[in-house]
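A.B. asks: Questions regarding the structure given below will be posed in turn.
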Amino acid sequence: MLKGYFCRNNSETMESRGLIRVAIFASGNGSNAENIFHYFKESKHIQIAYIVSNKKEAFVLERAKKLGVPSLFMDNKEFRQGNRILEEMKSHSIDFIVLAGFLVLIPANLIEAYLDQIINIHPALLPKFGGKGMYGDFVHRAVSESGELKTGITVHFVNQAYDEGSIIFQKSVDIEARENPNKIAEKVHALEYEYFPAIIKQVILSK
Ligand code: GAR
């Protein structure tokens, strides 16, 4: 049962509950956002209902337009302040939030309203290579320089610290010592496309 801000009553089942409306937050390209959209587009239970970006020029906003998903740009200052983003989630009846390459810390009021209903994907095996400033290619470069022989993806609940919420799922992939960061990125993206949508579904349906 979803138990946050938009909690519905306890006797509801997935069937009686109607569509679970999901918002995706993304700051850049949005390839995961689009992949997640396609995974759920025929779903009777889960709908990608809103896409939010903190970057006006982010390609994810183009993707949202093309896919016909309502979208919103909100600058970092307004986002961090918290009130308007919570209002937006409320007015779009959003039940669950997915961070897919979103690079701003989530404000406390949103975390509180959506307790255990916000998840993030990180492109490495947390707790390694996480924290502020560790995103996208910075992560892959750090992994390459470290000489690690494995990297992967981590899906976790979001709390008020970067990359520290409880871990839901990890999947690793072999890499060569000091492998080219672009090659590492390709391997990690492949894992993200394969596993992230199914994990989102599993978390939502387990509520
Ligand atoms: C993804 O690899 C995601 O794991 C990463 O940003 C990329 C976004 O790609 N997220 C982070 O680094 C968060 N710390 P996309 O915009 O093509 O989906």
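FYI, nothing fancy with the structure tokens labels: chains A, B, ... in order, residues from 1 per chain, ligands from 1 as they appear.
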Give the residue list for ligand 1 at 7 Å, counting only C-alpha atoms and all ligand atoms, as a ChimeraX atom specification, sorted by chain and then by residue number.
C.D. replies: /A:26-33,100-103,121-123,134-136,139,188-189
A.B. asks: Take the residues just selected and output them with N, CA, C and O atoms as a PDB file, in the first residue's frame.
C.D. replies:
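selection.pdb, freshly written:
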ATOM      1  N   ALA A  26      14.417  14.168 -14.272  1.00  0.00           N
ATOM      2  CA  ALA A  26      15.667  13.937 -15.004  1.00  0.00           C
ATOM      3  C   ALA A  26      16.299  15.280 -15.355  1.00  0.00           C
ATOM      4  O   ALA A  26      15.583  16.244 -15.631  1.00  0.00           O
ATOM      5  N   SER A  27      17.636  15.310 -15.380  1.00  0.00           N
ATOM      6  CA  SER A  27      18.332  16.583 -15.621  1.00  0.00           C
ATOM      7  C   SER A  27      18.957  16.679 -17.005  1.00  0.00           C
ATOM      8  O   SER A  27      19.420  17.757 -17.384  1.00  0.00           O
ATOM      9  N   GLY A  28      19.020  15.575 -17.746  1.00  0.00           N
ATOM     10  CA  GLY A  28      19.802  15.626 -18.980  1.00  0.00           C
ATOM     11  C   GLY A  28      19.156  14.915 -20.147  1.00  0.00           C
ATOM     12  O   GLY A  28      18.014  15.199 -20.526  1.00  0.00           O
ATOM     13  N   ASN A  29      19.876  13.945 -20.660  1.00  0.00           N
ATOM     14  CA  ASN A  29      19.478  13.259 -21.886  1.00  0.00           C
ATOM     15  C   ASN A  29      18.113  12.578 -21.786  1.00  0.00           C
ATOM     16  O   ASN A  29      17.270  12.680 -22.674  1.00  0.00           O
ATOM     17  N   GLY A  30      17.897  11.847 -20.718  1.00  0.00           N
ATOM     18  CA  GLY A  30      16.580  11.231 -20.520  1.00  0.00           C
ATOM     19  C   GLY A  30      16.386   9.895 -21.210  1.00  0.00           C
ATOM     20  O   GLY A  30      15.248   9.462 -21.432  1.00  0.00           O
ATOM     21  N   SER A  31      17.486   9.206 -21.530  1.00  0.00           N
ATOM     22  CA  SER A  31      17.294   7.904 -22.199  1.00  0.00           C
ATOM     23  C   SER A  31      16.611   6.905 -21.262  1.00  0.00           C
ATOM     24  O   SER A  31      15.787   6.092 -21.713  1.00  0.00           O
ATOM     25  N   ASN A  32      16.917   6.972 -19.971  1.00  0.00           N
ATOM     26  CA  ASN A  32      16.196   6.097 -19.026  1.00  0.00           C
ATOM     27  C   ASN A  32      14.725   6.484 -18.939  1.00  0.00           C
ATOM     28  O   ASN A  32      13.863   5.611 -18.911  1.00  0.00           O
ATOM     29  N   ALA A  33      14.452   7.775 -18.889  1.00  0.00           N
ATOM     30  CA  ALA A  33      13.053   8.222 -18.809  1.00  0.00           C
ATOM     31  C   ALA A  33      12.262   7.655 -19.982  1.00  0.00           C
ATOM     32  O   ALA A  33      11.158   7.121 -19.813  1.00  0.00           O
ATOM     33  N   ALA A 100      15.760   9.636 -12.517  1.00  0.00           N
ATOM     34  CA  ALA A 100      16.521   8.943 -13.565  1.00  0.00           C
ATOM     35  C   ALA A 100      17.515   9.939 -14.146  1.00  0.00           C
ATOM     36  O   ALA A 100      17.236  10.610 -15.134  1.00  0.00           O
ATOM     37  N   GLY A 101      18.657  10.072 -13.464  1.00  0.00           N
ATOM     38  CA  GLY A 101      19.635  11.069 -13.895  1.00  0.00           C
ATOM     39  C   GLY A 101      19.238  12.454 -13.432  1.00  0.00           C
ATOM     40  O   GLY A 101      19.396  13.428 -14.167  1.00  0.00           O
ATOM     41  N   PHE A 102      18.721  12.564 -12.215  1.00  0.00           N
ATOM     42  CA  PHE A 102      18.317  13.872 -11.668  1.00  0.00           C
ATOM     43  C   PHE A 102      19.358  14.316 -10.653  1.00  0.00           C
ATOM     44  O   PHE A 102      19.695  13.557  -9.735  1.00  0.00           O
ATOM     45  N   LEU A 103      19.843  15.560 -10.805  1.00  0.00           N
ATOM     46  CA  LEU A 103      21.064  15.931 -10.097  1.00  0.00           C
ATOM     47  C   LEU A 103      20.881  16.952  -8.980  1.00  0.00           C
ATOM     48  O   LEU A 103      21.851  17.528  -8.495  1.00  0.00           O
ATOM     49  N   ILE A 121      18.181   5.861  -9.414  1.00  0.00           N
ATOM     50  CA  ILE A 121      19.187   4.911  -9.927  1.00  0.00           C
ATOM     51  C   ILE A 121      20.537   5.606  -9.929  1.00  0.00           C
ATOM     52  O   ILE A 121      20.655   6.776 -10.316  1.00  0.00           O
ATOM     53  N   HIS A 122      21.539   4.873  -9.451  1.00  0.00           N
ATOM     54  CA  HIS A 122      22.909   5.390  -9.436  1.00  0.00           C
ATOM     55  C   HIS A 122      23.770   4.482 -10.318  1.00  0.00           C
ATOM     56  O   HIS A 122      23.679   3.254 -10.217  1.00  0.00           O
ATOM     57  N   PRO A 123      24.639   5.075 -11.155  1.00  0.00           N
ATOM     58  CA  PRO A 123      25.377   4.260 -12.133  1.00  0.00           C
ATOM     59  C   PRO A 123      26.665   3.648 -11.590  1.00  0.00           C
ATOM     60  O   PRO A 123      27.711   3.704 -12.241  1.00  0.00           O
ATOM     61  N   MET A 134      28.993  13.081  -7.707  1.00  0.00           N
ATOM     62  CA  MET A 134      29.233  11.800  -8.380  1.00  0.00           C
ATOM     63  C   MET A 134      28.001  11.461  -9.214  1.00  0.00           C
ATOM     64  O   MET A 134      27.027  10.890  -8.712  1.00  0.00           O
ATOM     65  N   TYR A 135      28.044  11.824 -10.462  1.00  0.00           N
ATOM     66  CA  TYR A 135      26.946  11.493 -11.365  1.00  0.00           C
ATOM     67  C   TYR A 135      27.497  11.276 -12.773  1.00  0.00           C
ATOM     68  O   TYR A 135      28.584  11.754 -13.118  1.00  0.00           O
ATOM     69  N   GLY A 136      26.733  10.519 -13.528  1.00  0.00           N
ATOM     70  CA  GLY A 136      27.034  10.296 -14.944  1.00  0.00           C
ATOM     71  C   GLY A 136      28.494   9.964 -15.199  1.00  0.00           C
ATOM     72  O   GLY A 136      29.077   9.101 -14.549  1.00  0.00           O
ATOM     73  N   VAL A 139      31.214   9.527 -12.533  1.00  0.00           N
ATOM     74  CA  VAL A 139      31.254   8.214 -11.868  1.00  0.00           C
ATOM     75  C   VAL A 139      32.075   7.242 -12.724  1.00  0.00           C
ATOM     76  O   VAL A 139      32.972   6.554 -12.219  1.00  0.00           O
ATOM     77  N   VAL A 188      26.963   0.142 -18.322  1.00  0.00           N
ATOM     78  CA  VAL A 188      26.058   0.527 -17.231  1.00  0.00           C
ATOM     79  C   VAL A 188      24.684   0.908 -17.782  1.00  0.00           C
ATOM     80  O   VAL A 188      23.649   0.502 -17.238  1.00  0.00           O
ATOM     81  N   HIS A 189      24.677   1.648 -18.883  1.00  0.00           N
ATOM     82  CA  HIS A 189      23.379   2.004 -19.490  1.00  0.00           C
ATOM     83  C   HIS A 189      22.604   0.744 -19.893  1.00  0.00           C
ATOM     84  O   HIS A 189      21.382   0.681 -19.716  1.00  0.00           O
TER      85      HIS A 189
END
A.B. asks: From a DSSP calculation on the backbone, collect every residue of segment 51-207 of chain A in strand (DSSP E or B) and output the set as number ranges by chain.
C.D. replies: A: 51-53, 71-73, 96-99, 118-122, 150-157, 167-174
A.B. asks: With N, CA and C atoms retained, export the selected residues as a compact mmCIF listing (two decimals), in the first residue's frame.
C.D. replies:
# COMPACT_ATOMS: atom_id res chain seq x y z
N ILE A 51 6.86 14.46 -16.40
CA ILE A 51 8.33 14.48 -16.45
C ILE A 51 8.80 15.87 -16.03
N VAL A 52 9.72 15.89 -15.07
CA VAL A 52 10.20 17.16 -14.50
C VAL A 52 11.70 17.27 -14.73
N SER A 53 12.14 18.46 -15.16
CA SER A 53 13.58 18.70 -15.29
C SER A 53 13.96 20.03 -14.67
N SER A 71 5.08 17.85 -19.11
CA SER A 71 6.40 18.06 -18.52
C SER A 71 6.51 19.45 -17.91
N LEU A 72 7.54 19.60 -17.10
CA LEU A 72 7.73 20.84 -16.37
C LEU A 72 9.22 21.13 -16.23
N PHE A 73 9.59 22.38 -16.49
CA PHE A 73 10.93 22.83 -16.13
C PHE A 73 10.81 23.66 -14.86
N PHE A 96 4.07 8.34 -7.09
CA PHE A 96 5.40 7.74 -6.94
C PHE A 96 6.36 8.54 -7.83
N ILE A 97 7.60 8.72 -7.34
CA ILE A 97 8.57 9.53 -8.08
C ILE A 97 9.83 8.72 -8.37
N VAL A 98 10.28 8.80 -9.62
CA VAL A 98 11.49 8.09 -10.04
C VAL A 98 12.53 9.12 -10.47
N LEU A 99 13.72 9.04 -9.88
CA LEU A 99 14.82 9.90 -10.31
C LEU A 99 15.66 9.10 -11.31
N ILE A 118 9.98 7.50 -3.35
CA ILE A 118 10.90 8.13 -4.31
C ILE A 118 12.10 7.20 -4.43
N ILE A 119 12.41 6.79 -5.67
CA ILE A 119 13.59 5.95 -5.85
C ILE A 119 14.52 6.57 -6.89
N ASN A 120 15.79 6.20 -6.77
CA ASN A 120 16.83 6.75 -7.64
C ASN A 120 17.65 5.61 -8.21
N ILE A 121 18.18 5.86 -9.41
CA ILE A 121 19.19 4.91 -9.93
C ILE A 121 20.54 5.61 -9.93
N HIS A 122 21.54 4.87 -9.45
CA HIS A 122 22.91 5.39 -9.44
C HIS A 122 23.77 4.48 -10.32
N LYS A 150 34.88 -4.45 -11.50
CA LYS A 150 33.41 -4.56 -11.56
C LYS A 150 32.81 -3.18 -11.34
N THR A 151 31.73 -2.92 -12.07
CA THR A 151 30.88 -1.78 -11.70
C THR A 151 29.44 -2.24 -11.83
N GLY A 152 28.49 -1.30 -11.92
CA GLY A 152 27.11 -1.77 -12.02
C GLY A 152 26.12 -0.67 -11.75
N ILE A 153 24.93 -1.07 -11.32
CA ILE A 153 23.87 -0.10 -11.01
C ILE A 153 23.32 -0.37 -9.61
N THR A 154 22.84 0.70 -9.00
CA THR A 154 22.17 0.58 -7.69
C THR A 154 20.85 1.34 -7.77
N VAL A 155 19.77 0.68 -7.37
CA VAL A 155 18.49 1.38 -7.22
C VAL A 155 18.23 1.48 -5.72
N HIS A 156 17.90 2.70 -5.26
CA HIS A 156 17.72 2.88 -3.81
C HIS A 156 16.62 3.89 -3.52
N PHE A 157 16.05 3.79 -2.31
CA PHE A 157 15.11 4.81 -1.87
C PHE A 157 15.89 6.10 -1.63
N ILE A 167 19.15 0.47 0.02
CA ILE A 167 19.35 -0.12 -1.31
C ILE A 167 18.26 -1.15 -1.59
N ILE A 168 17.70 -1.05 -2.79
CA ILE A 168 16.64 -1.96 -3.22
C ILE A 168 17.20 -3.06 -4.11
N PHE A 169 18.15 -2.67 -4.97
CA PHE A 169 18.62 -3.61 -6.00
C PHE A 169 19.98 -3.19 -6.51
N GLN A 170 20.84 -4.18 -6.74
CA GLN A 170 22.12 -3.90 -7.41
C GLN A 170 22.39 -4.97 -8.46
N LYS A 171 23.04 -4.58 -9.52
CA LYS A 171 23.46 -5.55 -10.53
C LYS A 171 24.85 -5.15 -11.00
N SER A 172 25.76 -6.11 -11.05
CA SER A 172 27.12 -5.75 -11.43
C SER A 172 27.46 -6.24 -12.84
N VAL A 173 28.52 -5.66 -13.37
CA VAL A 173 29.02 -6.07 -14.68
C VAL A 173 30.55 -6.02 -14.62
N ASP A 174 31.19 -6.97 -15.31
CA ASP A 174 32.66 -6.99 -15.33
C ASP A 174 33.21 -5.89 -16.24
A.B. asks: Tell me which protein, DNA and RNA residues are within 8 Å of Phe129 of chain A, counting only C-alpha atoms, leaving out same-chain ones fewer than 2 positions away, and put them as a PyMOL selection string.
C.D. replies: chain A and resi 124-127+131+134+139+142-143
A.B. asks: Save the residues we just selected, C-alpha atoms, as a tab-separated table (two decimals), in the first residue's frame?
C.D. replies:
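Contents of out_9.tsv, freshly written:
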chain	number	residue	atom	x	y	z
A	124	ALA	CA	27.75	2.36	-9.81
A	125	LEU	CA	27.72	-0.12	-6.96
A	126	LEU	CA	26.96	2.05	-3.92
A	127	PRO	CA	28.35	2.81	-1.39
A	131	GLY	CA	27.81	11.24	-3.00
A	134	MET	CA	29.23	11.80	-8.38
A	139	VAL	CA	31.25	8.21	-11.87
A	142	ALA	CA	36.31	7.53	-11.21
A	143	VAL	CA	35.54	3.84	-11.63
A.B. asks: Nearest residue to Lys77 of chain A out of A:Ile94, A:Phe59, A:Val104, A:Glu112, using only C-alpha atoms?
C.D. replies: A:Val104
A.B. asks: Residues of chain A classed as alpha helix (DSSP H) by DSSP on the backbone are to be reported as an NGL selection string.
C.D. replies: :A and (14-17 or 31-40 or 59-67 or 76-81 or 83-91 or 108-113 or 136-146 or 181-205)
A.B. asks: What is the distance between atom CA of Asp137 of chain A and atom CA of Ile184 of chain A, in Å to one decimal?
C.D. replies: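 Atom CA of Ile184 of chain A lies at a distance of 9.3 Å from atom CA of Asp137 of chain A.
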A.B. asks: Got a sec: who's within 9 Å of Gly82 of chain A, counting only C-alpha atoms, leaving out chain neighbours fewer than 3 positions off, as number ranges by chain?
C.D. replies: A: 78-79, 85-87, 106-110
A.B. asks: Dump N, CA, C and O atoms for the selected residues as a short mmCIF file (atom, residue, chain, number, x, y, z; two decimals), in the first residue's frame?
C.D. replies:
data_model
loop_
_atom_site.label_atom_id
_atom_site.label_comp_id
_atom_site.auth_asym_id
_atom_site.auth_seq_id
_atom_site.Cartn_x
_atom_site.Cartn_y
_atom_site.Cartn_z
N GLU A 78 14.00 27.25 -7.17
CA GLU A 78 12.59 26.99 -6.86
C GLU A 78 12.39 25.53 -6.44
O GLU A 78 11.63 25.23 -5.51
N PHE A 79 13.11 24.65 -7.11
CA PHE A 79 12.97 23.23 -6.77
C PHE A 79 13.38 22.97 -5.33
O PHE A 79 12.66 22.33 -4.55
N ILE A 85 7.17 22.36 -6.07
CA ILE A 85 7.26 21.01 -6.64
C ILE A 85 6.25 20.09 -5.95
O ILE A 85 5.60 19.26 -6.59
N LEU A 86 6.06 20.29 -4.65
CA LEU A 86 5.05 19.47 -3.95
C LEU A 86 3.65 19.79 -4.49
O LEU A 86 2.85 18.87 -4.75
N GLU A 87 3.37 21.06 -4.71
CA GLU A 87 2.08 21.46 -5.29
C GLU A 87 1.88 20.82 -6.66
O GLU A 87 0.79 20.36 -7.00
N ILE A 106 16.76 16.27 -3.25
CA ILE A 106 15.30 16.35 -3.11
C ILE A 106 14.96 17.08 -1.80
O ILE A 106 15.47 16.71 -0.74
N PRO A 107 14.08 18.10 -1.86
CA PRO A 107 13.77 18.85 -0.64
C PRO A 107 13.05 18.01 0.41
O PRO A 107 12.34 17.05 0.07
N ALA A 108 13.26 18.38 1.68
CA ALA A 108 12.75 17.59 2.80
C ALA A 108 11.23 17.40 2.74
O ALA A 108 10.72 16.32 3.04
N ASN A 109 10.50 18.44 2.33
CA ASN A 109 9.03 18.30 2.34
C ASN A 109 8.56 17.23 1.34
O ASN A 109 7.58 16.53 1.59
N LEU A 110 9.28 17.10 0.24
CA LEU A 110 8.89 16.08 -0.76
C LEU A 110 9.21 14.68 -0.24
O LEU A 110 8.43 13.74 -0.39
#
A.B. asks: Pick out the closest residue to Phe37 of chain A from this set: A:Ala190, A:Ala58, A:Leu149, A:Ala64. Count only C-alpha atoms.
C.D. replies: A:Ala64
A.B. asks: Rank A:Ile36, A:Ala49, A:Val203, A:Ala198 by their smallest atom-to-atom distance to Leu19 of chain A, using only C-alpha atoms, and report the top residue only.
C.D. replies: A:Ala49
A.B. asks: At what distance in Å, to one decimal, does atom CA of Gln160 of chain A lie from atom CA of Arg84 of chain A?
C.D. replies: 18.1 Å
